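**Student:** Input structure: structure-v6.cif, which contains mmCIF, C-alpha atoms, pLDDT in the B column; chains and numbers go by the auth columns.
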data_protein
#
loop_
_atom_site.group_PDB
_atom_site.id
_atom_site.type_symbol
_atom_site.label_atom_id
_atom_site.label_comp_id
_atom_site.label_asym_id
_atom_site.label_seq_id
_atom_site.Cartn_x
_atom_site.Cartn_y
_atom_site.Cartn_z
_atom_site.B_iso_or_equiv
_atom_site.auth_seq_id
_atom_site.auth_asym_id
ATOM 1 C CA MET A 1 66.556 96.519 128.690 74.00 1 A
ATOM 2 C CA ASN A 2 63.482 97.449 126.694 89.00 2 A
ATOM 3 C CA ILE A 3 64.458 98.439 123.138 94.00 3 A
ATOM 4 C CA THR A 4 62.382 101.459 122.115 94.00 4 A
ATOM 5 C CA GLY A 5 63.606 102.149 118.579 95.00 5 A
ATOM 6 C CA GLN A 6 64.382 105.777 119.431 96.00 6 A
ATOM 7 C CA SER A 7 67.554 107.768 118.815 96.00 7 A
ATOM 8 C CA PHE A 8 69.547 109.242 121.687 97.00 8 A
ATOM 9 C CA ILE A 9 69.764 113.025 121.310 97.00 9 A
ATOM 10 C CA GLY A 10 71.963 113.841 124.266 96.00 10 A
ATOM 11 C CA ALA A 11 70.005 112.826 127.349 94.00 11 A
ATOM 12 C CA THR A 12 66.631 112.658 125.568 95.00 12 A
ATOM 13 C CA ARG A 13 65.042 110.186 123.164 94.00 13 A
ATOM 14 C CA ALA A 14 63.836 111.288 119.734 88.00 14 A
ATOM 15 C CA SER A 15 60.239 110.247 119.091 81.00 15 A
ATOM 16 C CA ALA A 16 58.754 112.753 116.622 82.00 16 A
ATOM 17 C CA SER A 17 59.566 110.882 113.410 85.00 17 A
ATOM 18 C CA THR A 18 56.863 109.261 111.296 85.00 18 A
ATOM 19 C CA GLU A 19 59.327 107.261 109.175 92.00 19 A
ATOM 20 C CA THR A 20 60.210 103.824 110.543 92.00 20 A
ATOM 21 C CA PHE A 21 62.202 100.733 109.610 93.00 21 A
ATOM 22 C CA HIS A 22 62.690 97.218 110.988 94.00 22 A
ATOM 23 C CA VAL A 23 65.829 95.181 111.462 95.00 23 A
ATOM 24 C CA SER A 24 65.784 91.732 109.873 94.00 24 A
ATOM 25 C CA ASN A 25 66.670 88.504 111.623 94.00 25 A
ATOM 26 C CA ALA A 26 69.877 87.409 109.885 92.00 26 A
ATOM 27 C CA ALA A 27 68.973 83.706 110.050 90.00 27 A
ATOM 28 C CA THR A 28 65.291 83.786 109.103 92.00 28 A
ATOM 29 C CA GLY A 29 64.829 87.067 107.267 92.00 29 A
ATOM 30 C CA GLY A 30 61.858 87.883 109.473 95.00 30 A
ATOM 31 C CA GLN A 31 61.294 91.273 111.079 94.00 31 A
ATOM 32 C CA LEU A 32 62.639 91.938 114.543 95.00 32 A
ATOM 33 C CA GLU A 33 60.713 94.198 116.868 95.00 33 A
ATOM 34 C CA PRO A 34 60.414 97.030 117.590 95.00 34 A
ATOM 35 C CA ALA A 35 60.183 99.397 114.654 95.00 35 A
ATOM 36 C CA PHE A 36 62.944 102.032 114.692 96.00 36 A
ATOM 37 C CA LEU A 37 62.160 105.703 114.206 94.00 37 A
ATOM 38 C CA SER A 38 64.328 107.317 111.547 94.00 38 A
ATOM 39 C CA ALA A 39 65.742 110.556 112.952 94.00 39 A
ATOM 40 C CA THR A 40 64.511 113.864 111.565 93.00 40 A
ATOM 41 C CA THR A 41 66.577 116.811 110.384 93.00 41 A
ATOM 42 C CA ALA A 42 65.636 118.572 113.631 94.00 42 A
ATOM 43 C CA ASP A 43 66.999 115.612 115.607 95.00 43 A
ATOM 44 C CA LEU A 44 70.299 115.814 113.765 95.00 44 A
ATOM 45 C CA GLU A 45 70.565 119.564 114.239 96.00 45 A
ATOM 46 C CA LYS A 46 69.884 119.236 117.960 97.00 46 A
ATOM 47 C CA ALA A 47 72.508 116.514 118.341 97.00 47 A
ATOM 48 C CA VAL A 48 75.081 118.689 116.565 97.00 48 A
ATOM 49 C CA SER A 49 74.134 121.721 118.669 98.00 49 A
ATOM 50 C CA LEU A 50 74.457 119.729 121.907 98.00 50 A
ATOM 51 C CA ALA A 51 77.829 118.318 120.847 98.00 51 A
ATOM 52 C CA THR A 52 79.072 121.795 119.920 98.00 52 A
ATOM 53 C CA ASP A 53 77.963 123.163 123.285 98.00 53 A
ATOM 54 C CA ALA A 54 79.576 120.226 125.117 98.00 54 A
ATOM 55 C CA PHE A 55 82.954 120.539 123.429 98.00 55 A
ATOM 56 C CA PRO A 56 84.451 123.492 125.373 98.00 56 A
ATOM 57 C CA THR A 57 83.768 121.733 128.682 98.00 57 A
ATOM 58 C CA TYR A 58 84.418 118.118 127.715 98.00 58 A
ATOM 59 C CA SER A 59 87.636 118.912 125.860 97.00 59 A
ATOM 60 C CA GLN A 60 89.059 120.480 129.015 96.00 60 A
ATOM 61 C CA THR A 61 88.339 117.554 131.355 97.00 61 A
ATOM 62 C CA ALA A 62 91.395 116.071 133.018 95.00 62 A
ATOM 63 C CA PRO A 63 92.840 112.889 131.449 94.00 63 A
ATOM 64 C CA GLU A 64 92.073 110.880 134.569 96.00 64 A
ATOM 65 C CA THR A 65 88.459 112.093 134.427 97.00 65 A
ATOM 66 C CA ARG A 66 88.049 110.928 130.824 97.00 66 A
ATOM 67 C CA ALA A 67 89.808 107.668 131.675 97.00 67 A
ATOM 68 C CA ALA A 68 87.310 107.005 134.459 98.00 68 A
ATOM 69 C CA PHE A 69 84.501 107.798 132.013 98.00 69 A
ATOM 70 C CA LEU A 70 85.787 105.271 129.462 98.00 70 A
ATOM 71 C CA ARG A 71 86.168 102.596 132.132 98.00 71 A
ATOM 72 C CA THR A 72 82.635 103.270 133.316 98.00 72 A
ATOM 73 C CA ILE A 73 81.352 102.751 129.764 98.00 73 A
ATOM 74 C CA ALA A 74 83.331 99.511 129.507 97.00 74 A
ATOM 75 C CA GLY A 75 81.950 98.221 132.793 97.00 75 A
ATOM 76 C CA LYS A 76 78.377 98.989 131.799 97.00 76 A
ATOM 77 C CA ILE A 77 78.729 97.258 128.414 96.00 77 A
ATOM 78 C CA ASP A 78 80.273 94.235 130.099 93.00 78 A
ATOM 79 C CA ALA A 79 77.389 94.106 132.562 93.00 79 A
ATOM 80 C CA LEU A 80 74.873 94.105 129.683 91.00 80 A
ATOM 81 C CA GLY A 81 76.398 91.038 128.022 84.00 81 A
ATOM 82 C CA ASP A 82 73.388 88.802 128.614 84.00 82 A
ATOM 83 C CA GLU A 83 71.166 91.376 126.904 88.00 83 A
ATOM 84 C CA ILE A 84 73.521 92.294 124.068 94.00 84 A
ATOM 85 C CA THR A 85 74.385 88.759 122.977 94.00 85 A
ATOM 86 C CA PRO A 86 70.899 87.419 122.025 94.00 86 A
ATOM 87 C CA ARG A 87 70.043 90.580 120.075 95.00 87 A
ATOM 88 C CA MET A 88 73.433 90.628 118.375 95.00 88 A
ATOM 89 C CA MET A 89 73.067 86.955 117.381 95.00 89 A
ATOM 90 C CA ALA A 90 69.642 87.652 115.863 95.00 90 A
ATOM 91 C CA GLU A 91 70.684 90.809 114.006 95.00 91 A
ATOM 92 C CA ALA A 92 74.140 89.798 112.813 93.00 92 A
ATOM 93 C CA GLY A 93 73.806 86.008 112.574 93.00 93 A
ATOM 94 C CA LEU A 94 76.958 85.534 114.647 93.00 94 A
ATOM 95 C CA PRO A 95 77.474 82.584 117.030 94.00 95 A
ATOM 96 C CA GLU A 96 77.444 83.174 120.772 94.00 96 A
ATOM 97 C CA GLY A 97 81.203 82.755 121.110 94.00 97 A
ATOM 98 C CA ARG A 98 81.921 85.375 118.457 92.00 98 A
ATOM 99 C CA CYS A 99 79.523 87.800 120.178 93.00 99 A
ATOM 100 C CA ALA A 100 81.250 87.305 123.529 92.00 100 A
ATOM 101 C CA GLY A 101 84.650 87.736 121.913 93.00 101 A
ATOM 102 C CA GLU A 102 83.651 90.950 120.176 94.00 102 A
ATOM 103 C CA ARG A 103 82.228 92.332 123.419 94.00 103 A
ATOM 104 C CA GLY A 104 85.552 91.571 125.111 95.00 104 A
ATOM 105 C CA ARG A 105 87.405 93.335 122.321 95.00 105 A
ATOM 106 C CA THR A 106 85.143 96.377 122.596 96.00 106 A
ATOM 107 C CA VAL A 107 85.515 96.847 126.345 96.00 107 A
ATOM 108 C CA GLY A 108 89.224 96.084 126.000 96.00 108 A
ATOM 109 C CA GLN A 109 89.610 98.950 123.520 96.00 109 A
ATOM 110 C CA LEU A 110 87.865 101.351 125.897 97.00 110 A
ATOM 111 C CA ARG A 111 90.131 100.335 128.771 97.00 111 A
ATOM 112 C CA MET A 112 93.208 100.523 126.563 96.00 112 A
ATOM 113 C CA PHE A 113 92.405 104.124 125.614 96.00 113 A
ATOM 114 C CA ALA A 114 91.756 104.900 129.294 97.00 114 A
ATOM 115 C CA ASP A 115 95.255 103.664 130.137 96.00 115 A
ATOM 116 C CA LEU A 116 96.757 105.603 127.226 94.00 116 A
ATOM 117 C CA ILE A 117 95.308 108.987 128.154 94.00 117 A
ATOM 118 C CA GLU A 118 96.424 108.551 131.755 93.00 118 A
ATOM 119 C CA GLU A 119 99.948 107.709 130.555 90.00 119 A
ATOM 120 C CA GLY A 120 100.008 110.955 128.557 80.00 120 A
ATOM 121 C CA SER A 121 102.508 110.396 125.731 83.00 121 A
ATOM 122 C CA TRP A 122 99.716 110.622 123.143 80.00 122 A
ATOM 123 C CA VAL A 123 99.706 114.433 123.349 77.00 123 A
ATOM 124 C CA ASP A 124 103.176 114.394 121.724 80.00 124 A
ATOM 125 C CA ALA A 125 104.224 117.579 123.550 79.00 125 A
ATOM 126 C CA ARG A 126 107.211 119.308 121.981 84.00 126 A
ATOM 127 C CA ILE A 127 109.185 122.364 123.081 86.00 127 A
ATOM 128 C CA GLU A 128 111.888 123.973 120.982 89.00 128 A
ATOM 129 C CA THR A 129 113.443 126.846 122.882 89.00 129 A
ATOM 130 C CA ALA A 130 114.251 130.117 121.195 89.00 130 A
ATOM 131 C CA GLN A 131 117.703 130.881 119.801 89.00 131 A
ATOM 132 C CA PRO A 132 117.673 134.661 119.411 91.00 132 A
ATOM 133 C CA ASP A 133 121.307 134.782 118.323 90.00 133 A
ATOM 134 C CA ARG A 134 121.008 132.111 115.615 89.00 134 A
ATOM 135 C CA ALA A 135 122.301 133.122 112.173 87.00 135 A
ATOM 136 C CA PRO A 136 121.185 133.993 109.622 90.00 136 A
ATOM 137 C CA ILE A 137 117.852 134.553 111.419 91.00 137 A
ATOM 138 C CA PRO A 138 116.784 134.082 115.056 90.00 138 A
ATOM 139 C CA LYS A 139 114.830 130.960 115.965 89.00 139 A
ATOM 140 C CA PRO A 140 111.536 131.611 117.789 90.00 140 A
ATOM 141 C CA ASP A 141 110.243 129.614 120.734 87.00 141 A
ATOM 142 C CA LEU A 142 108.136 126.767 119.278 88.00 142 A
ATOM 143 C CA ARG A 143 105.701 124.615 121.266 81.00 143 A
ATOM 144 C CA SER A 144 103.164 122.057 120.080 80.00 144 A
ATOM 145 C CA MET A 145 100.888 119.325 121.376 74.00 145 A
ATOM 146 C CA ARG A 146 97.913 117.350 120.125 80.00 146 A
ATOM 147 C CA ARG A 147 94.549 118.784 121.083 87.00 147 A
ATOM 148 C CA PRO A 148 90.900 117.820 120.436 91.00 148 A
ATOM 149 C CA LEU A 149 89.426 119.746 117.500 93.00 149 A
ATOM 150 C CA GLY A 150 85.666 119.348 117.994 96.00 150 A
ATOM 151 C CA PRO A 151 82.716 116.946 117.738 98.00 151 A
ATOM 152 C CA VAL A 152 83.250 113.713 115.792 98.00 152 A
ATOM 153 C CA ALA A 153 80.744 111.812 113.641 97.00 153 A
ATOM 154 C CA VAL A 154 81.065 108.014 113.709 97.00 154 A
ATOM 155 C CA PHE A 155 79.403 105.739 111.131 95.00 155 A
ATOM 156 C CA CYS A 156 78.971 102.173 112.371 94.00 156 A
ATOM 157 C CA ALA A 157 80.272 99.279 110.274 90.00 157 A
ATOM 158 C CA SER A 158 77.976 96.500 109.074 86.00 158 A
ATOM 159 C CA ASN A 159 80.215 93.544 109.890 85.00 159 A
ATOM 160 C CA PHE A 160 81.280 94.313 113.482 89.00 160 A
ATOM 161 C CA PRO A 161 78.158 95.160 115.559 92.00 161 A
ATOM 162 C CA LEU A 162 80.250 96.050 118.639 93.00 162 A
ATOM 163 C CA ALA A 163 83.955 96.532 117.932 93.00 163 A
ATOM 164 C CA PHE A 164 83.394 98.948 115.015 93.00 164 A
ATOM 165 C CA SER A 165 80.052 100.241 116.121 95.00 165 A
ATOM 166 C CA VAL A 166 78.552 102.534 118.758 97.00 166 A
ATOM 167 C CA ALA A 167 81.321 102.038 121.337 97.00 167 A
ATOM 168 C CA GLY A 168 84.012 100.803 118.960 95.00 168 A
ATOM 169 C CA GLY A 169 87.507 102.089 118.416 94.00 169 A
ATOM 170 C CA ASP A 170 86.455 105.275 116.591 96.00 170 A
ATOM 171 C CA THR A 171 84.137 106.320 119.422 97.00 171 A
ATOM 172 C CA ALA A 172 86.602 105.286 122.124 97.00 172 A
ATOM 173 C CA SER A 173 89.488 107.226 120.572 96.00 173 A
ATOM 174 C CA ALA A 174 87.376 110.345 120.017 97.00 174 A
ATOM 175 C CA LEU A 175 86.069 110.349 123.590 98.00 175 A
ATOM 176 C CA ALA A 176 89.579 109.684 124.883 96.00 176 A
ATOM 177 C CA ALA A 177 90.897 112.697 122.970 95.00 177 A
ATOM 178 C CA GLY A 178 88.201 114.985 124.398 97.00 178 A
ATOM 179 C CA CYS A 179 85.816 115.092 121.435 97.00 179 A
ATOM 180 C CA PRO A 180 82.027 114.673 121.800 98.00 180 A
ATOM 181 C CA VAL A 181 80.647 111.947 119.543 98.00 181 A
ATOM 182 C CA ILE A 182 77.549 111.602 117.369 98.00 182 A
ATOM 183 C CA VAL A 183 77.103 108.015 116.200 98.00 183 A
ATOM 184 C CA ARG A 184 75.022 106.936 113.224 96.00 184 A
ATOM 185 C CA ALA A 185 73.818 103.418 114.107 96.00 185 A
ATOM 186 C CA HIS A 186 73.915 100.822 111.354 94.00 186 A
ATOM 187 C CA SER A 187 70.379 99.897 110.347 92.00 187 A
ATOM 188 C CA ALA A 188 71.250 96.179 110.225 93.00 188 A
ATOM 189 C CA HIS A 189 71.890 95.988 113.960 93.00 189 A
ATOM 190 C CA ALA A 190 70.054 98.965 115.396 95.00 190 A
ATOM 191 C CA GLY A 191 68.838 97.023 118.433 96.00 191 A
ATOM 192 C CA THR A 192 72.374 96.103 119.482 96.00 192 A
ATOM 193 C CA ALA A 193 73.335 99.741 118.911 97.00 193 A
ATOM 194 C CA GLU A 194 70.554 100.988 121.184 97.00 194 A
ATOM 195 C CA ILE A 195 71.593 98.659 124.015 97.00 195 A
ATOM 196 C CA VAL A 196 75.185 99.893 123.811 97.00 196 A
ATOM 197 C CA ALA A 197 74.113 103.530 123.462 97.00 197 A
ATOM 198 C CA SER A 198 72.077 103.212 126.641 96.00 198 A
ATOM 199 C CA ALA A 199 75.227 102.110 128.478 97.00 199 A
ATOM 200 C CA ILE A 200 77.183 105.104 127.167 98.00 200 A
ATOM 201 C CA GLN A 201 74.432 107.570 127.991 97.00 201 A
ATOM 202 C CA SER A 202 74.169 106.093 131.502 97.00 202 A
ATOM 203 C CA ALA A 203 77.927 106.605 131.918 98.00 203 A
ATOM 204 C CA VAL A 204 77.611 110.225 130.694 98.00 204 A
ATOM 205 C CA ALA A 205 75.096 110.929 133.473 97.00 205 A
ATOM 206 C CA GLU A 206 76.942 108.951 136.136 97.00 206 A
ATOM 207 C CA CYS A 207 80.286 110.640 135.419 98.00 207 A
ATOM 208 C CA GLY A 208 78.777 114.148 135.169 97.00 208 A
ATOM 209 C CA MET A 209 79.791 114.753 131.545 98.00 209 A
ATOM 210 C CA PRO A 210 78.039 117.453 129.473 97.00 210 A
ATOM 211 C CA GLU A 211 74.799 116.257 127.903 95.00 211 A
ATOM 212 C CA GLY A 212 76.041 116.554 124.332 97.00 212 A
ATOM 213 C CA THR A 213 79.089 114.362 124.944 98.00 213 A
ATOM 214 C CA PHE A 214 77.272 111.515 123.197 98.00 214 A
ATOM 215 C CA SER A 215 74.306 111.068 120.843 98.00 215 A
ATOM 216 C CA MET A 216 73.225 108.145 118.675 98.00 216 A
ATOM 217 C CA ILE A 217 71.136 108.588 115.549 96.00 217 A
ATOM 218 C CA CYS A 218 68.986 105.936 113.855 94.00 218 A
ATOM 219 C CA LEU A 219 68.496 106.612 110.153 88.00 219 A
ATOM 220 C CA LEU A 220 66.719 104.627 107.485 79.00 220 A
ATOM 221 C CA TYR A 221 69.258 103.862 104.768 67.00 221 A
ATOM 222 C CA THR A 222 68.071 104.330 101.219 60.00 222 A
ATOM 223 C CA SER A 223 70.215 103.474 98.206 53.00 223 A
ATOM 224 C CA PRO A 224 70.959 106.449 95.942 53.00 224 A
ATOM 225 C CA SER A 225 69.451 106.453 92.489 49.00 225 A
ATOM 226 C CA PRO A 226 71.779 105.901 89.486 51.00 226 A
ATOM 227 C CA ARG A 227 71.580 109.619 88.693 51.00 227 A
ATOM 228 C CA ASP A 228 72.533 110.510 92.299 46.00 228 A
ATOM 229 C CA ARG A 229 75.542 108.211 92.002 45.00 229 A
ATOM 230 C CA GLY A 230 76.648 110.051 88.882 46.00 230 A
#
Take the structure in the file and write it out as structure tokens.
**Tutor:**
Amino acid sequence: MNITGQSFIGATRASASTETFHVSNAATGGQLEPAFLSATTADLEKAVSLATDAFPTYSQTAPETRAAFLRTIAGKIDALGDEITPRMMAEAGLPEGRCAGERGRTVGQLRMFADLIEEGSWVDARIETAQPDRAPIPKPDLRSMRRPLGPVAVFCASNFPLAFSVAGGDTASALAAGCPVIVRAHSAHAGTAEIVASAIQSAVAECGMPEGTFSMICLLYTSPSPRDRG
């Protein structure tokens, strides 16, 4: 795929920023193309708004529907292996075998969560029936289960460009639970992140999920000043 350097804000690409950054080649230190556009405050606000709007619908999808969605993401990432691996090697300095292994781990996590939500025990449903005649006070009817709470922000790790990144375990578990996700791509491997994000966004469209189910933000990282660090 053609890497554009743009964030994914739902189904659209953010392109209004004037602030850019480059990813460095881990082996040579040279700049990798293209330049990445650092998301604006408006981009972030739109991503949050889309995720908030998506939550009521996405959180109510059937477990088998979300499972099919996760498997679709896994299949699309697997199919992009020949495109992910060279970029991942350049950005992270990892050998080809490690890249292939991490891709296998990533798609394996997605499929594992798909199996889990179909199996159903994760909701931890509990029912304690009422005991109106219990002394010294009656016991009410108590029922509980685990439910999605809302959109989730995921910050990608620097040392695992796939397994703890855009489609890593944090994203997979949040999507499995019924929570829309906004990912902040790591600036050290933003190209790898964009390739994976394109697979997720393609799966969102193919599976008919709400637009705000997934967004990925590129942000230029700047170290805080000593005074900011306290």
**Student:** Separation of CA of Ala153 in chain A and CA of Arg111 in chain A, in Å?
**Tutor:** 21.2 Å
**Student:** Can you work out the spacing between CA of Leu32 in chain A and CA of Asn159 in chain A in Å, to one decimal?
**Tutor:**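 If I compute the distance from CA of Leu32 in chain A to CA of Asn159 in chain A, I get 18.3 Å.
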**Student:** Which of these residues is nearest to Cys179 in chain A, using all atoms listed in the file: A:Leu149, A:Leu50, A:Ala135, A:Ile217?
**Tutor:** A:Leu149
**Student:** Counting only C-alpha atoms, what are the residues of range 164-217 of chain A within 12 Å of range 116-132 of chain A, and for each of them which pair of atoms is the nearest and at what distance in Å, to one decimal? Sort the table by chain and rising number, as JSON lines.
**Tutor:**
{"residue": "A:Ala172", "atom": "CA", "partner": "A:Ile117", "partner_atom": "CA", "distance": 11.2}
{"residue": "A:Ser173", "atom": "CA", "partner": "A:Ile117", "partner_atom": "CA", "distance": 9.7}
{"residue": "A:Ala174", "atom": "CA", "partner": "A:Ile117", "partner_atom": "CA", "distance": 11.4}
{"residue": "A:Leu175", "atom": "CA", "partner": "A:Ile117", "partner_atom": "CA", "distance": 10.4}
{"residue": "A:Ala176", "atom": "CA", "partner": "A:Ile117", "partner_atom": "CA", "distance": 6.6}
{"residue": "A:Ala177", "atom": "CA", "partner": "A:Ile117", "partner_atom": "CA", "distance": 7.8}
{"residue": "A:Gly178", "atom": "CA", "partner": "A:Ile117", "partner_atom": "CA", "distance": 10.0}
**Student:** If you measure from CA of Ile77 in chain A to CA of Thr171 in chain A, what distance in Å do you get, rounded to one decimal?
**Tutor:**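 Interatomic distance here is 13.9 Å.
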**Student:** Please report, as JSON lines, each residue of range 17-120 of chain A lying at most 7 Å from range 207-213 of chain A, together with the nearest pair of atoms and the separation in Å rounded to one decimal; use all atoms listed in the file, and order rows by chain and ascending residue number.
**Tutor:**
{"residue": "A:Ala47", "atom": "CA", "partner": "A:Gly212", "partner_atom": "CA", "distance": 7.0}
{"residue": "A:Leu50", "atom": "CA", "partner": "A:Gly212", "partner_atom": "CA", "distance": 4.3}
{"residue": "A:Ala51", "atom": "CA", "partner": "A:Gly212", "partner_atom": "CA", "distance": 4.3}
{"residue": "A:Asp53", "atom": "CA", "partner": "A:Gly212", "partner_atom": "CA", "distance": 7.0}
{"residue": "A:Ala54", "atom": "CA", "partner": "A:Gly212", "partner_atom": "CA", "distance": 5.2}
{"residue": "A:Tyr58", "atom": "CA", "partner": "A:Pro210", "partner_atom": "CA", "distance": 6.7}
{"residue": "A:Phe69", "atom": "CA", "partner": "A:Cys207", "partner_atom": "CA", "distance": 6.1}
**Student:** Kindly export the residues of the current selection with C-alpha atoms, as a PDB file, keeping the file's coordinate frame.
**Tutor:**
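Result saved to out19.pdb:
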ATOM      1  CA  ALA A  47      72.508 116.514 118.341  1.00 97.00           C
ATOM      2  CA  LEU A  50      74.457 119.729 121.907  1.00 98.00           C
ATOM      3  CA  ALA A  51      77.829 118.318 120.847  1.00 98.00           C
ATOM      4  CA  ASP A  53      77.963 123.163 123.285  1.00 98.00           C
ATOM      5  CA  ALA A  54      79.576 120.226 125.117  1.00 98.00           C
ATOM      6  CA  TYR A  58      84.418 118.118 127.715  1.00 98.00           C
ATOM      7  CA  PHE A  69      84.501 107.798 132.013  1.00 98.00           C
TER       8      PHE A  69
END
**Student:** Any chance you could work out the axis-aligned box around range 92-95 of chain A, listed atoms only, 4 Å on each side, giving centre and edge lengths in Å to one decimal, as AutoDock Vina command-line options?
**Tutor:**
--center_x 75.6 --center_y 86.2 --center_z 114.8 --size_x 11.7 --size_y 15.2 --size_z 12.5
**Student:** Since the input is missing atoms, can you rebuild N, CA and C atoms for range 4-15 of chain A and write them as an mmCIF file, keeping the file's coordinate frame?
**Tutor:**
data_model
loop_
_atom_site.group_PDB
_atom_site.id
_atom_site.type_symbol
_atom_site.label_atom_id
_atom_site.label_comp_id
_atom_site.auth_asym_id
_atom_site.auth_seq_id
_atom_site.Cartn_x
_atom_site.Cartn_y
_atom_site.Cartn_z
ATOM 1 N N THR A 4 63.472 100.559 122.477
ATOM 2 C CA THR A 4 62.382 101.459 122.115
ATOM 3 C C THR A 4 62.370 101.839 120.642
ATOM 4 N N GLY A 5 63.526 101.723 119.965
ATOM 5 C CA GLY A 5 63.606 102.149 118.579
ATOM 6 C C GLY A 5 63.819 103.638 118.403
ATOM 7 N N GLN A 6 64.203 104.325 119.480
ATOM 8 C CA GLN A 6 64.382 105.777 119.431
ATOM 9 C C GLN A 6 65.862 106.157 119.462
ATOM 10 N N SER A 7 66.199 107.229 118.769
ATOM 11 C CA SER A 7 67.554 107.768 118.815
ATOM 12 C C SER A 7 67.830 108.408 120.169
ATOM 13 N N PHE A 8 69.099 108.512 120.502
ATOM 14 C CA PHE A 8 69.547 109.242 121.687
ATOM 15 C C PHE A 8 70.036 110.613 121.233
ATOM 16 N N ILE A 9 69.328 111.657 121.614
ATOM 17 C CA ILE A 9 69.764 113.025 121.310
ATOM 18 C C ILE A 9 70.216 113.629 122.633
ATOM 19 N N GLY A 10 71.508 113.491 122.925
ATOM 20 C CA GLY A 10 71.963 113.841 124.266
ATOM 21 C C GLY A 10 71.253 112.957 125.275
ATOM 22 N N ALA A 11 70.668 113.568 126.281
ATOM 23 C CA ALA A 11 70.005 112.826 127.349
ATOM 24 C C ALA A 11 68.559 112.490 127.045
ATOM 25 N N THR A 12 68.036 112.899 125.890
ATOM 26 C CA THR A 12 66.631 112.658 125.568
ATOM 27 C C THR A 12 66.516 111.643 124.432
ATOM 28 N N ARG A 13 65.311 111.153 124.225
ATOM 29 C CA ARG A 13 65.042 110.186 123.164
ATOM 30 C C ARG A 13 64.178 110.838 122.097
ATOM 31 N N ALA A 14 64.585 110.694 120.846
ATOM 32 C CA ALA A 14 63.836 111.288 119.734
ATOM 33 C C ALA A 14 62.629 110.422 119.399
ATOM 34 N N SER A 15 61.451 111.034 119.330
ATOM 35 C CA SER A 15 60.239 110.247 119.091
ATOM 36 C C SER A 15 59.260 110.925 118.139
#
